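In what follows, a single structure is set out as structure tokens and then discussed.
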Amino acid sequence: MKAYQVLSADSGKRIDKLLTIIQPDISRSEIQSWIKQNKVAVNGVSIKANYKCKEGDMITWSIPKKQELTIHPESIMLNIVYDDEHIAVINKPRGMVVHPSQSHTSGTLVNALLHHYNGNLSTLSGRERAGIVHRIDKDTSGLLIIAKSDEAHRKLQRQFKNREVKRTYEAIVHGVISHDHGLVDAPIGRDPKQRQNMAVVDEGKYAKTHFRVIKRYENFTHIECQLETGRTHQIRVHMKYINHPLVGDPKYGPRKPFVHIGQVLHARSLEFIHPITEERICLTSELPEEFKDVLNRLDKMT
């Protein structure tokens, strides 16, 4: 059981909103579900999510135990661009979730990996993230490194931590970027107004994104991005921050999207040192058809 006494600065805040500030790792919707399950009380009495807190209120809550996911191997086609006994690199399609969760228990990359590699994957991050060293969003396509042993996983994690992995993306953004090259150096953390989103915030984690213009269109720009860091939604948040949100982005883009396929973002290439053989691996993937279709549409508009 956890407890918190409401301060004068918190007076008037909705209980669900205040708890997302107290517990920033928990989404507002999940906290609202706790309230519905009577897991949250104020002064010993159950309340509704819209309860306005008062100074001196004693909030108590218990975090429900999450049901353990049952993850089954599934025969799902994979586009494997590199494969040996230690690691693999997968070209993930747009629309595929990387690892299972309560809301996505099947059809994920992990379900496919468990089937394809018969469970011979690293276990450092648990079965729910078997083999997953890093991730990209559901609607982002492109290259992901998979570890087949804990040793390979640990060494790859170290490379990511030390910023030794070179990751290059391509994206299409709203607006015409006037300069050919740029750097966004701005910290990223939870958006205090919308806890399920990320934003540039003073107390956020250090984040750097380099970008280069590939081609300009009348109201759009095709760009290449390189990440120095790997924060959640980093490219999407940084491009919104400089007023060039990604085309199709449902979270950070305009309310009326130019396309309805999610953000037009592709993890095009990876460069890293093989964790076991220590040879340099350089891999590139083609733009997916959905991305090419948007470029063709823009070409026809000019």
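A note on labels: chains of the structure tokens are A, B, ... as shown, every chain counts residues from 1, and ligands are counted from 1 in their shown order.
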
DSSP strand (DSSP E) residues within stretch 20-234 of chain A, listed as an MDAnalysis selection string: chainID A and resid 40:42 45:46 58:61 80:83 87:92 141:147 166:174 181:185 188:190 198:200 208:216 220:227

Close residues, stretch 95-112 of chain A itself excluded, 12 Å, only C-alpha atoms, min 6 positions apart in chain, as a PyMOL selection string: chain A and resi 30+66-80+89+118-123+125-147+260-266+288+290

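Pairwise distance (atom CA of A:Gly56, atom CA of A:Val42) equals 10.2 Å.
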
Proximity check stretch 145-190 of chain A to stretch 219-223 of chain A, 12 Å, nearest pairs one decimal Å, only C-alpha atoms, as JSON lines:
```
{"residue": "A:Thr168", "atom": "CA", "partner": "A:Ile223", "partner_atom": "CA", "distance": 10.5}
{"residue": "A:Tyr169", "atom": "CA", "partner": "A:Ile223", "partner_atom": "CA", "distance": 8.3}
{"residue": "A:Glu170", "atom": "CA", "partner": "A:Ile223", "partner_atom": "CA", "distance": 5.7}
{"residue": "A:Ala171", "atom": "CA", "partner": "A:Ile223", "partner_atom": "CA", "distance": 5.4}
{"residue": "A:Ile172", "atom": "CA", "partner": "A:His222", "partner_atom": "CA", "distance": 4.5}
{"residue": "A:Val173", "atom": "CA", "partner": "A:Thr221", "partner_atom": "CA", "distance": 5.4}
{"residue": "A:His174", "atom": "CA", "partner": "A:Phe220", "partner_atom": "CA", "distance": 4.6}
{"residue": "A:Gly175", "atom": "CA", "partner": "A:Phe220", "partner_atom": "CA", "distance": 4.6}
{"residue": "A:Val176", "atom": "CA", "partner": "A:Phe220", "partner_atom": "CA", "distance": 5.3}
{"residue": "A:Ile177", "atom": "CA", "partner": "A:Thr221", "partner_atom": "CA", "distance": 6.4}
{"residue": "A:Ser178", "atom": "CA", "partner": "A:Thr221", "partner_atom": "CA", "distance": 9.4}
{"residue": "A:His179", "atom": "CA", "partner": "A:Thr221", "partner_atom": "CA", "distance": 11.0}
{"residue": "A:Asp180", "atom": "CA", "partner": "A:Ile223", "partner_atom": "CA", "distance": 9.3}
{"residue": "A:His181", "atom": "CA", "partner": "A:Ile223", "partner_atom": "CA", "distance": 9.4}
{"residue": "A:Gly182", "atom": "CA", "partner": "A:Ile223", "partner_atom": "CA", "distance": 10.5}
```

Save out the residues we just selected, all heavy atoms, as a short mmCIF file (atom, residue, chain, number, x, y, z; two decimals), in the first residue's frame.
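Below is the file result-v8.cif, written as the result:
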```cif
data_model
loop_
_atom_site.label_atom_id
_atom_site.label_comp_id
_atom_site.auth_asym_id
_atom_site.auth_seq_id
_atom_site.Cartn_x
_atom_site.Cartn_y
_atom_site.Cartn_z
N THR A 168 20.51 5.19 -38.62
CA THR A 168 20.07 6.20 -39.57
C THR A 168 18.63 5.91 -39.97
O THR A 168 18.28 4.78 -40.30
CB THR A 168 20.97 6.21 -40.82
OG1 THR A 168 22.33 6.41 -40.41
CG2 THR A 168 20.57 7.33 -41.77
N TYR A 169 17.80 6.94 -39.94
CA TYR A 169 16.39 6.85 -40.27
C TYR A 169 16.08 7.76 -41.45
O TYR A 169 16.80 8.72 -41.71
CB TYR A 169 15.52 7.31 -39.09
CG TYR A 169 15.53 6.40 -37.88
CD1 TYR A 169 16.66 6.30 -37.06
CD2 TYR A 169 14.40 5.67 -37.54
CE1 TYR A 169 16.65 5.49 -35.94
CE2 TYR A 169 14.39 4.86 -36.41
CZ TYR A 169 15.52 4.77 -35.62
OH TYR A 169 15.51 3.97 -34.51
N GLU A 170 14.97 7.46 -42.12
CA GLU A 170 14.41 8.40 -43.09
C GLU A 170 12.99 8.73 -42.66
O GLU A 170 12.29 7.88 -42.11
CB GLU A 170 14.41 7.84 -44.51
CG GLU A 170 15.79 7.84 -45.15
CD GLU A 170 15.77 7.52 -46.63
OE1 GLU A 170 14.79 7.92 -47.32
OE2 GLU A 170 16.71 6.87 -47.11
N ALA A 171 12.58 9.97 -42.90
CA ALA A 171 11.25 10.42 -42.50
C ALA A 171 10.77 11.48 -43.47
O ALA A 171 11.55 12.09 -44.19
CB ALA A 171 11.29 10.98 -41.08
N ILE A 172 9.46 11.69 -43.47
CA ILE A 172 8.86 12.81 -44.20
C ILE A 172 8.17 13.68 -43.17
O ILE A 172 7.41 13.19 -42.33
CB ILE A 172 7.86 12.32 -45.26
CG1 ILE A 172 8.54 11.37 -46.25
CG2 ILE A 172 7.28 13.52 -46.04
CD1 ILE A 172 7.58 10.70 -47.22
N VAL A 173 8.47 14.99 -43.21
CA VAL A 173 7.93 15.90 -42.21
C VAL A 173 7.11 17.00 -42.88
O VAL A 173 7.26 17.29 -44.06
CB VAL A 173 9.05 16.53 -41.36
CG1 VAL A 173 9.84 15.46 -40.63
CG2 VAL A 173 9.98 17.40 -42.21
N HIS A 174 6.24 17.60 -42.09
CA HIS A 174 5.45 18.75 -42.56
C HIS A 174 6.34 19.99 -42.64
O HIS A 174 7.25 20.17 -41.82
CB HIS A 174 4.30 19.03 -41.59
CG HIS A 174 3.19 18.04 -41.68
ND1 HIS A 174 2.11 18.21 -42.53
CD2 HIS A 174 2.99 16.86 -41.05
CE1 HIS A 174 1.29 17.18 -42.40
NE2 HIS A 174 1.80 16.34 -41.51
N GLY A 175 6.07 20.82 -43.63
CA GLY A 175 6.80 22.07 -43.76
C GLY A 175 8.08 21.90 -44.55
O GLY A 175 8.57 20.78 -44.76
N VAL A 176 8.62 23.02 -45.01
CA VAL A 176 9.86 23.02 -45.79
C VAL A 176 11.00 23.47 -44.89
O VAL A 176 11.01 24.60 -44.40
CB VAL A 176 9.74 23.95 -47.01
CG1 VAL A 176 11.04 23.95 -47.80
CG2 VAL A 176 8.57 23.53 -47.90
N ILE A 177 11.95 22.58 -44.65
CA ILE A 177 13.12 22.91 -43.84
C ILE A 177 14.11 23.66 -44.72
O ILE A 177 14.56 23.15 -45.75
CB ILE A 177 13.76 21.64 -43.25
CG1 ILE A 177 12.75 20.90 -42.35
CG2 ILE A 177 15.02 21.98 -42.46
CD1 ILE A 177 13.26 19.59 -41.77
N SER A 178 14.45 24.86 -44.33
CA SER A 178 15.24 25.74 -45.20
C SER A 178 16.73 25.40 -45.21
O SER A 178 17.40 25.56 -46.22
CB SER A 178 15.06 27.20 -44.78
OG SER A 178 15.41 27.37 -43.42
N HIS A 179 17.26 24.91 -44.08
CA HIS A 179 18.70 24.60 -44.03
C HIS A 179 18.93 23.12 -44.33
O HIS A 179 18.08 22.28 -44.03
CB HIS A 179 19.29 24.99 -42.67
CG HIS A 179 18.36 24.79 -41.51
ND1 HIS A 179 17.30 25.62 -41.25
CD2 HIS A 179 18.32 23.83 -40.56
CE1 HIS A 179 16.65 25.21 -40.18
NE2 HIS A 179 17.25 24.11 -39.75
N ASP A 180 20.08 22.81 -44.91
CA ASP A 180 20.35 21.45 -45.37
C ASP A 180 20.66 20.48 -44.23
O ASP A 180 20.41 19.28 -44.35
CB ASP A 180 21.53 21.45 -46.35
CG ASP A 180 21.19 22.16 -47.66
OD1 ASP A 180 19.98 22.28 -47.96
OD2 ASP A 180 22.11 22.58 -48.38
N HIS A 181 21.24 20.99 -43.15
CA HIS A 181 21.61 20.13 -42.02
C HIS A 181 21.12 20.78 -40.73
O HIS A 181 20.99 22.01 -40.65
CB HIS A 181 23.14 19.95 -41.92
CG HIS A 181 23.74 19.31 -43.12
ND1 HIS A 181 23.91 17.95 -43.22
CD2 HIS A 181 24.21 19.84 -44.27
CE1 HIS A 181 24.47 17.68 -44.40
NE2 HIS A 181 24.66 18.81 -45.05
N GLY A 182 20.90 19.98 -39.70
CA GLY A 182 20.49 20.54 -38.42
C GLY A 182 20.73 19.58 -37.29
O GLY A 182 20.97 18.38 -37.49
#
```

Based on the backbone DSSP call, show me all residues of stretch 157-245 of chain A assigned helix (DSSP H, G or I), as a ChimeraX atom specification. /A:157-161,234-241

Suppose we keep all heavy atoms; can you now write the selection as a compact mmCIF listing (two decimals), in the first residue's frame?
```txt
# COMPACT_ATOMS: atom_id res chain seq x y z
N GLN A 157 24.03 -4.08 -25.52
CA GLN A 157 23.51 -3.04 -24.63
C GLN A 157 24.59 -2.02 -24.30
O GLN A 157 24.34 -0.82 -24.26
CB GLN A 157 22.98 -3.67 -23.34
CG GLN A 157 21.60 -4.27 -23.45
CD GLN A 157 21.10 -4.80 -22.11
OE1 GLN A 157 21.88 -5.25 -21.28
NE2 GLN A 157 19.80 -4.74 -21.90
N ARG A 158 25.83 -2.51 -24.08
CA ARG A 158 26.94 -1.62 -23.76
C ARG A 158 27.22 -0.68 -24.93
O ARG A 158 27.48 0.51 -24.75
CB ARG A 158 28.18 -2.44 -23.43
CG ARG A 158 29.28 -1.65 -22.71
CD ARG A 158 30.41 -2.56 -22.27
NE ARG A 158 29.93 -3.66 -21.46
CZ ARG A 158 30.27 -4.94 -21.64
NH1 ARG A 158 31.08 -5.28 -22.63
NH2 ARG A 158 29.80 -5.87 -20.84
N GLN A 159 27.14 -1.22 -26.16
CA GLN A 159 27.37 -0.37 -27.34
C GLN A 159 26.32 0.72 -27.46
O GLN A 159 26.63 1.87 -27.76
CB GLN A 159 27.38 -1.22 -28.62
CG GLN A 159 28.63 -2.07 -28.79
CD GLN A 159 28.67 -2.74 -30.15
OE1 GLN A 159 28.52 -2.09 -31.19
NE2 GLN A 159 28.87 -4.05 -30.15
N PHE A 160 25.07 0.36 -27.20
CA PHE A 160 24.00 1.37 -27.25
C PHE A 160 24.22 2.41 -26.15
O PHE A 160 24.08 3.62 -26.39
CB PHE A 160 22.63 0.71 -27.09
CG PHE A 160 22.07 0.17 -28.37
CD1 PHE A 160 22.17 -1.18 -28.69
CD2 PHE A 160 21.43 1.01 -29.28
CE1 PHE A 160 21.66 -1.68 -29.89
CE2 PHE A 160 20.92 0.53 -30.47
CZ PHE A 160 21.03 -0.82 -30.78
N LYS A 161 24.57 1.97 -24.95
CA LYS A 161 24.79 2.89 -23.83
C LYS A 161 25.93 3.85 -24.14
O LYS A 161 25.87 5.04 -23.80
CB LYS A 161 25.08 2.10 -22.56
CG LYS A 161 25.21 2.96 -21.32
CD LYS A 161 25.43 2.12 -20.07
CE LYS A 161 25.57 3.01 -18.84
NZ LYS A 161 25.80 2.21 -17.61
N GLN A 234 11.89 9.66 -29.92
CA GLN A 234 12.84 10.78 -30.03
C GLN A 234 12.70 11.61 -31.30
O GLN A 234 12.56 12.84 -31.24
CB GLN A 234 14.29 10.27 -29.91
CG GLN A 234 15.31 11.41 -30.01
CD GLN A 234 16.71 10.98 -29.66
OE1 GLN A 234 16.91 10.22 -28.72
NE2 GLN A 234 17.69 11.46 -30.41
N ILE A 235 12.74 10.95 -32.47
CA ILE A 235 12.65 11.71 -33.73
C ILE A 235 11.30 12.41 -33.82
O ILE A 235 11.21 13.58 -34.20
CB ILE A 235 12.87 10.78 -34.93
CG1 ILE A 235 14.33 10.27 -34.95
CG2 ILE A 235 12.55 11.50 -36.25
CD1 ILE A 235 14.61 9.22 -36.02
N ARG A 236 10.24 11.72 -33.46
CA ARG A 236 8.89 12.27 -33.53
C ARG A 236 8.76 13.52 -32.64
O ARG A 236 8.20 14.54 -33.06
CB ARG A 236 7.88 11.20 -33.13
CG ARG A 236 7.92 9.97 -34.03
CD ARG A 236 7.18 8.78 -33.43
NE ARG A 236 5.75 9.04 -33.32
CZ ARG A 236 4.91 8.22 -32.71
NH1 ARG A 236 5.35 7.10 -32.15
NH2 ARG A 236 3.62 8.51 -32.66
N VAL A 237 9.29 13.44 -31.43
CA VAL A 237 9.20 14.56 -30.49
C VAL A 237 10.09 15.72 -30.93
O VAL A 237 9.68 16.89 -30.90
CB VAL A 237 9.57 14.09 -29.06
CG1 VAL A 237 9.72 15.27 -28.11
CG2 VAL A 237 8.52 13.12 -28.54
N HIS A 238 11.32 15.42 -31.34
CA HIS A 238 12.24 16.48 -31.74
C HIS A 238 11.76 17.22 -32.99
O HIS A 238 11.89 18.46 -33.07
CB HIS A 238 13.64 15.90 -31.98
CG HIS A 238 14.48 15.89 -30.74
ND1 HIS A 238 15.71 15.26 -30.66
CD2 HIS A 238 14.28 16.45 -29.50
CE1 HIS A 238 16.22 15.43 -29.45
NE2 HIS A 238 15.37 16.14 -28.73
N MET A 239 11.20 16.49 -33.94
CA MET A 239 10.73 17.17 -35.15
C MET A 239 9.50 18.02 -34.86
O MET A 239 9.33 19.11 -35.42
CB MET A 239 10.47 16.17 -36.27
CG MET A 239 11.72 15.40 -36.73
SD MET A 239 13.21 16.41 -36.96
CE MET A 239 12.72 17.46 -38.33
N LYS A 240 8.65 17.55 -33.97
CA LYS A 240 7.51 18.39 -33.56
C LYS A 240 8.02 19.65 -32.86
O LYS A 240 7.49 20.75 -33.06
CB LYS A 240 6.58 17.61 -32.62
CG LYS A 240 5.40 18.46 -32.13
CD LYS A 240 4.61 17.80 -31.03
CE LYS A 240 3.49 18.73 -30.55
NZ LYS A 240 2.72 18.15 -29.43
N TYR A 241 9.05 19.49 -32.03
CA TYR A 241 9.61 20.61 -31.27
C TYR A 241 10.10 21.74 -32.17
O TYR A 241 9.99 22.91 -31.82
CB TYR A 241 10.76 20.07 -30.41
CG TYR A 241 11.45 21.09 -29.55
CD1 TYR A 241 10.77 21.74 -28.52
CD2 TYR A 241 12.80 21.39 -29.75
CE1 TYR A 241 11.42 22.67 -27.72
CE2 TYR A 241 13.44 22.32 -28.96
CZ TYR A 241 12.75 22.96 -27.94
OH TYR A 241 13.39 23.88 -27.15
```

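Residue nearest A:Thr232, chosen from A:Val200, A:Ile276, A:Ala3, A:Ile63 and counting only C-alpha atoms: A:Val200.
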
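Between atom CA of A:Ser62 and atom CA of A:Lys205 the interatomic distance comes to 28.5 Å.
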
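Reported to one decimal place, the separation of atom CA of A:Ile31 from atom CA of A:Ile188 is 22.7 Å.
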
What lies within 12 Å of stretch 48-54 of chain A using only C-alpha atoms, ignoring chain neighbours under 3 positions off, as a PyMOL selection string? chain A and resi 4-20+28-43+45+57-59

File dump, residues just selected, C-alpha atoms, as a PDB file, in the first residue's frame:
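Contents of the output file again.pdb:
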```pdb
ATOM      1  CA  TYR A   4       0.560  10.487  -0.195  1.00  0.00           C
ATOM      2  CA  GLN A   5      -0.725  13.552   1.668  1.00  0.00           C
ATOM      3  CA  VAL A   6      -1.984  16.287  -0.649  1.00  0.00           C
ATOM      4  CA  LEU A   7       0.002  19.532  -0.490  1.00  0.00           C
ATOM      5  CA  SER A   8      -1.439  23.014  -1.012  1.00  0.00           C
ATOM      6  CA  ALA A   9       0.164  23.090  -4.497  1.00  0.00           C
ATOM      7  CA  ASP A  10      -1.837  19.936  -5.393  1.00  0.00           C
ATOM      8  CA  SER A  11      -5.178  21.277  -4.198  1.00  0.00           C
ATOM      9  CA  GLY A  12      -7.811  21.256  -6.935  1.00  0.00           C
ATOM     10  CA  LYS A  13      -6.077  18.648  -9.095  1.00  0.00           C
ATOM     11  CA  ARG A  14      -8.026  15.612 -10.255  1.00  0.00           C
ATOM     12  CA  ILE A  15      -7.020  12.487  -8.384  1.00  0.00           C
ATOM     13  CA  ASP A  16      -6.152  10.574 -11.583  1.00  0.00           C
ATOM     14  CA  LYS A  17      -3.959  13.425 -12.857  1.00  0.00           C
ATOM     15  CA  LEU A  18      -2.179  13.852  -9.521  1.00  0.00           C
ATOM     16  CA  LEU A  19      -1.367  10.140  -9.333  1.00  0.00           C
ATOM     17  CA  THR A  20       0.255  10.258 -12.792  1.00  0.00           C
ATOM     18  CA  ARG A  28      -3.425   7.888 -16.683  1.00  0.00           C
ATOM     19  CA  SER A  29      -5.701   5.247 -18.208  1.00  0.00           C
ATOM     20  CA  GLU A  30      -4.130   2.555 -16.004  1.00  0.00           C
ATOM     21  CA  ILE A  31      -4.596   4.710 -12.902  1.00  0.00           C
ATOM     22  CA  GLN A  32      -8.225   5.260 -13.884  1.00  0.00           C
ATOM     23  CA  SER A  33      -8.633   1.488 -14.058  1.00  0.00           C
ATOM     24  CA  TRP A  34      -7.232   1.223 -10.495  1.00  0.00           C
ATOM     25  CA  ILE A  35      -9.829   3.748  -9.343  1.00  0.00           C
ATOM     26  CA  LYS A  36     -12.619   1.715 -10.975  1.00  0.00           C
ATOM     27  CA  GLN A  37     -11.302  -1.381  -9.160  1.00  0.00           C
ATOM     28  CA  ASN A  38     -11.462   0.563  -5.842  1.00  0.00           C
ATOM     29  CA  LYS A  39      -7.688   0.325  -5.465  1.00  0.00           C
ATOM     30  CA  VAL A  40      -7.465   4.084  -4.679  1.00  0.00           C
ATOM     31  CA  ALA A  41      -8.973   5.807  -1.632  1.00  0.00           C
ATOM     32  CA  VAL A  42      -8.980   9.326  -0.217  1.00  0.00           C
ATOM     33  CA  ASN A  43      -9.202   9.521   3.579  1.00  0.00           C
ATOM     34  CA  VAL A  45     -13.075   6.282   1.099  1.00  0.00           C
ATOM     35  CA  ASP A  57      -6.242  14.668   1.899  1.00  0.00           C
ATOM     36  CA  MET A  58      -4.555  11.314   2.505  1.00  0.00           C
ATOM     37  CA  ILE A  59      -4.439   9.303  -0.709  1.00  0.00           C
TER      38      ILE A  59
END
```
